[in-house]
Amino acid sequence: MDWSSSDWKGAALAIVPDLAGEIEKAESPYFLWIELYRVFREAYNSTRDDALIGQIYGFAKWCLEQPRGERYEEDVKTCVCLCFYQNLPLLPAARDELGKWLQPEDFATLKLVFQFHCDDKVFGLIESQFSER
């Protein structure tokens with residue numbers, strides 16, 4: 001994939017317009033997701049920003065639905081898993097409400113990704129948000 005391609009940037013600009021400056025500066029989806037995860041963590045601070053949180057989840061879903069690249073360096077699906085989804089269990093505020101933002105089929109797709117940074121107890125707390133639906 002040619003990272004200068006506008007596909008991922010165009011999608012990001014359409015889905016997360018509040019972060020246009022950060023999106024425009026990003027040289028690759030990996031750099032963008034590092035920045036988006038930083039902003040996502042900040043959105044959970046005392047002045048919680050559900051609109052921005054929702055936009056970031058929306059772009060994450062878009063990335064997750066893209067076809068796989070031949071190599072991980074060319075694969076936005078791998079990118080979003082490595083730079084965003086696998087880190088969600090590390091952020092208790094986000095971890096505790098994954099069921100609010102993700103559908104059960106998303107959880108099924110991401111199950112192994114979520115397990116990367118959690119022990120059985122934490123993963124059980126995450127899983128219970130989807131088994132109750």
# chains A, B, ... in the order shown; residues from 1 in each chain; ligands from 1
$ select_by_dssp --residues "stretch 36-96 of chain A" --states "alpha helix (DSSP H)" --output "PyMOL selection string"
chain A and resi 36-43+50-64+76-83+92-95
$ residues_around --residues "stretch 115-126 of chain A" --least-positions-apart "5" --cutoff "10 Å" --atoms "only C-alpha atoms" --output "list in words"
Leu82, Tyr85, Gln86, Asn87, Leu88, Pro89, Leu90, Pro92, Arg95, Asp96, Glu97, Leu98, Gly99, Phe107, Leu110 and Ser131 of chain A
$ write_last_selection --atoms "all heavy atoms" --output "short mmCIF file (atom, residue, chain, number, x, y, z; two decimals), in the first residue's frame"
data_model
loop_
_atom_site.label_atom_id
_atom_site.label_comp_id
_atom_site.auth_asym_id
_atom_site.auth_seq_id
_atom_site.Cartn_x
_atom_site.Cartn_y
_atom_site.Cartn_z
N LEU A 82 -3.10 -3.27 16.44
CA LEU A 82 -1.88 -3.06 17.21
C LEU A 82 -1.84 -1.73 17.95
O LEU A 82 -1.34 -1.65 19.07
CB LEU A 82 -0.66 -3.13 16.28
CG LEU A 82 -0.34 -4.49 15.68
CD1 LEU A 82 0.81 -4.35 14.68
CD2 LEU A 82 -0.01 -5.50 16.75
N TYR A 85 -6.96 -1.15 19.37
CA TYR A 85 -7.78 -2.15 20.06
C TYR A 85 -7.02 -2.92 21.13
O TYR A 85 -7.56 -3.15 22.22
CB TYR A 85 -8.41 -3.12 19.07
CG TYR A 85 -9.56 -2.56 18.28
CD1 TYR A 85 -9.50 -2.48 16.89
CD2 TYR A 85 -10.73 -2.13 18.90
CE1 TYR A 85 -10.57 -1.98 16.15
CE2 TYR A 85 -11.80 -1.63 18.17
CZ TYR A 85 -11.72 -1.56 16.80
OH TYR A 85 -12.78 -1.07 16.09
N GLN A 86 -5.80 -3.35 20.87
CA GLN A 86 -5.10 -4.15 21.88
C GLN A 86 -4.77 -3.35 23.13
O GLN A 86 -4.52 -3.92 24.18
CB GLN A 86 -3.86 -4.82 21.30
CG GLN A 86 -2.62 -3.99 21.29
CD GLN A 86 -1.39 -4.80 20.89
OE1 GLN A 86 -1.47 -5.99 20.62
NE2 GLN A 86 -0.26 -4.15 20.88
N ASN A 87 -4.79 -2.03 23.02
CA ASN A 87 -4.47 -1.18 24.17
C ASN A 87 -5.70 -0.81 25.01
O ASN A 87 -5.55 -0.28 26.11
CB ASN A 87 -3.76 0.08 23.70
CG ASN A 87 -2.43 -0.24 23.09
OD1 ASN A 87 -1.67 -1.05 23.61
ND2 ASN A 87 -2.12 0.37 21.97
N LEU A 88 -6.89 -1.04 24.50
CA LEU A 88 -8.09 -0.66 25.24
C LEU A 88 -8.19 -1.30 26.62
O LEU A 88 -8.62 -0.64 27.57
CB LEU A 88 -9.34 -0.93 24.41
CG LEU A 88 -9.49 -0.07 23.16
CD1 LEU A 88 -10.75 -0.46 22.39
CD2 LEU A 88 -9.49 1.41 23.49
N PRO A 89 -7.78 -2.56 26.80
CA PRO A 89 -7.82 -3.13 28.15
C PRO A 89 -6.92 -2.41 29.15
O PRO A 89 -7.11 -2.53 30.36
CB PRO A 89 -7.37 -4.58 27.94
CG PRO A 89 -7.77 -4.88 26.54
CD PRO A 89 -7.50 -3.59 25.80
N LEU A 90 -5.95 -1.65 28.67
CA LEU A 90 -5.05 -0.90 29.55
C LEU A 90 -5.67 0.39 30.08
O LEU A 90 -5.13 1.00 31.01
CB LEU A 90 -3.75 -0.56 28.81
CG LEU A 90 -2.96 -1.76 28.29
CD1 LEU A 90 -1.79 -1.27 27.43
CD2 LEU A 90 -2.48 -2.62 29.44
N PRO A 92 -8.78 1.59 31.91
CA PRO A 92 -9.97 1.08 32.61
C PRO A 92 -11.27 1.77 32.21
O PRO A 92 -12.30 1.09 32.06
CB PRO A 92 -9.64 1.31 34.09
CG PRO A 92 -8.14 1.25 34.14
CD PRO A 92 -7.69 1.89 32.85
N ARG A 95 -12.12 0.27 28.87
CA ARG A 95 -12.31 -1.17 29.03
C ARG A 95 -13.67 -1.49 29.65
O ARG A 95 -14.36 -2.41 29.22
CB ARG A 95 -11.19 -1.73 29.91
CG ARG A 95 -11.32 -3.20 30.22
CD ARG A 95 -10.33 -3.64 31.26
NE ARG A 95 -10.68 -3.06 32.55
CZ ARG A 95 -9.77 -2.68 33.46
NH1 ARG A 95 -8.49 -2.79 33.22
NH2 ARG A 95 -10.15 -2.18 34.60
N ASP A 96 -14.06 -0.70 30.63
CA ASP A 96 -15.29 -0.97 31.37
C ASP A 96 -16.55 -0.64 30.60
O ASP A 96 -17.65 -0.95 31.06
CB ASP A 96 -15.27 -0.23 32.71
CG ASP A 96 -14.19 -0.75 33.64
OD1 ASP A 96 -13.65 -1.85 33.38
OD2 ASP A 96 -13.85 -0.05 34.61
N GLU A 97 -16.43 0.00 29.44
CA GLU A 97 -17.62 0.30 28.66
C GLU A 97 -17.49 -0.10 27.19
O GLU A 97 -18.14 0.46 26.32
CB GLU A 97 -17.99 1.77 28.80
CG GLU A 97 -16.99 2.75 28.25
CD GLU A 97 -17.50 4.17 28.28
OE1 GLU A 97 -18.28 4.54 29.18
OE2 GLU A 97 -17.12 4.91 27.36
N LEU A 98 -16.68 -1.09 26.92
CA LEU A 98 -16.54 -1.57 25.55
C LEU A 98 -17.89 -2.00 24.98
O LEU A 98 -18.16 -1.81 23.81
CB LEU A 98 -15.54 -2.71 25.46
CG LEU A 98 -14.08 -2.30 25.53
CD1 LEU A 98 -13.19 -3.53 25.65
CD2 LEU A 98 -13.69 -1.48 24.33
N GLY A 99 -18.75 -2.56 25.83
CA GLY A 99 -20.06 -2.99 25.39
C GLY A 99 -20.94 -1.85 24.90
O GLY A 99 -21.89 -2.07 24.14
N PHE A 107 -16.62 -7.74 19.08
CA PHE A 107 -15.89 -8.42 20.16
C PHE A 107 -15.40 -9.79 19.69
O PHE A 107 -14.25 -10.15 19.94
CB PHE A 107 -16.77 -8.57 21.40
CG PHE A 107 -16.10 -9.39 22.46
CD1 PHE A 107 -15.06 -8.87 23.21
CD2 PHE A 107 -16.49 -10.71 22.68
CE1 PHE A 107 -14.41 -9.64 24.17
CE2 PHE A 107 -15.85 -11.48 23.63
CZ PHE A 107 -14.81 -10.95 24.38
N LEU A 110 -12.37 -9.37 17.69
CA LEU A 110 -11.24 -8.80 18.42
C LEU A 110 -10.85 -9.55 19.68
O LEU A 110 -9.95 -9.11 20.41
CB LEU A 110 -11.58 -7.35 18.80
CG LEU A 110 -11.75 -6.40 17.62
CD1 LEU A 110 -12.46 -5.12 18.05
CD2 LEU A 110 -10.40 -6.10 16.99
N SER A 131 -21.48 -11.06 26.65
CA SER A 131 -22.25 -12.30 26.87
C SER A 131 -23.63 -12.00 27.46
O SER A 131 -24.52 -12.81 27.35
CB SER A 131 -21.46 -13.26 27.78
OG SER A 131 -21.24 -12.67 29.05
#
$ closest_residue --among "A:Leu102, A:Ala11, A:Ala60, A:Ala93" --to "A:Thr78" --atoms "only C-alpha atoms"
A:Ala60
$ atom_distance --atom1 "atom CA of A:Tyr30" --atom2 "atom CA of A:Cys63"
11.4 Å
$ closest_residue --among "A:Ser128, A:Glu24, A:Val16, A:Arg41" --to "A:Phe59" --atoms "only C-alpha atoms"
A:Val16
$ residues_around --residues "A:Gln66" --least-positions-apart "5" --cutoff "10 Å" --atoms "only C-alpha atoms" --output "ChimeraX atom specification"
/A:8,61,75-78
$ residues_around --residues "A:Phe31" --least-positions-apart "3" --cutoff "12 Å" --atoms "only C-alpha atoms" --output "PyMOL selection string"
chain A and resi 3+8-9+22-28+34-38+73+76+79-80+82-84
$ closest_residue --among "A:Gly54, A:Asp106, A:Asn45, A:Leu32" --to "A:Phe130" --atoms "only C-alpha atoms"
A:Asp106
$ atom_distance --atom1 "atom CA of A:Leu112" --atom2 "atom CA of A:Glu127"
11.3 Å
$ closest_residue --among "A:Ile15, A:Leu64, A:Gln129, A:Tyr57" --to "A:Cys81" --atoms "only C-alpha atoms"
A:Leu64
$ residues_around --residues "A:Ala14" --least-positions-apart "4" --cutoff "12 Å" --atoms "only C-alpha atoms" --output "JSON, numbers by chain"
{"A": [6, 7, 8, 9, 10, 18, 19, 20, 23, 55, 56, 58, 59, 62]}
$ write_last_selection --atoms "N, CA and C atoms" --output "tab-separated table (two decimals), in the first residue's frame"
chain	number	residue	atom	x	y	z
A	6	SER	N	-4.75	8.47	-0.38
A	6	SER	CA	-5.66	9.23	0.47
A	6	SER	C	-6.79	8.39	1.05
A	7	ASP	N	-6.84	7.08	0.75
A	7	ASP	CA	-7.96	6.26	1.24
A	7	ASP	C	-8.12	6.34	2.75
A	8	TRP	N	-7.07	6.02	3.49
A	8	TRP	CA	-7.16	6.02	4.95
A	8	TRP	C	-7.29	7.44	5.48
A	9	LYS	N	-6.60	8.39	4.88
A	9	LYS	CA	-6.70	9.79	5.33
A	9	LYS	C	-8.08	10.34	5.02
A	10	GLY	N	-8.59	10.06	3.83
A	10	GLY	CA	-9.92	10.53	3.46
A	10	GLY	C	-10.98	9.98	4.39
A	18	ASP	N	-13.03	16.32	13.72
A	18	ASP	CA	-12.50	17.16	14.80
A	18	ASP	C	-10.98	17.11	14.89
A	19	LEU	N	-10.36	16.10	14.29
A	19	LEU	CA	-8.91	15.94	14.37
A	19	LEU	C	-8.24	16.12	13.01
A	20	ALA	N	-8.80	16.97	12.18
A	20	ALA	CA	-8.28	17.17	10.83
A	20	ALA	C	-6.80	17.52	10.82
A	23	ILE	N	-4.75	14.42	11.50
A	23	ILE	CA	-4.88	13.49	10.38
A	23	ILE	C	-4.01	13.95	9.22
A	55	GLN	N	-16.35	9.10	17.45
A	55	GLN	CA	-15.72	9.28	16.14
A	55	GLN	C	-14.50	8.36	15.99
A	56	ILE	N	-13.70	8.28	17.03
A	56	ILE	CA	-12.50	7.44	16.97
A	56	ILE	C	-12.90	5.96	16.85
A	58	GLY	N	-15.57	4.95	15.45
A	58	GLY	CA	-16.07	4.83	14.09
A	58	GLY	C	-14.97	4.61	13.07
A	59	PHE	N	-13.88	5.35	13.22
A	59	PHE	CA	-12.75	5.16	12.31
A	59	PHE	C	-12.07	3.82	12.57
A	62	TRP	N	-14.04	1.32	10.72
A	62	TRP	CA	-13.74	1.41	9.29
A	62	TRP	C	-12.44	0.66	8.98
$ atom_distance --atom1 "atom CA of A:Ala94" --atom2 "atom CA of A:Lys111"
15.6 Å
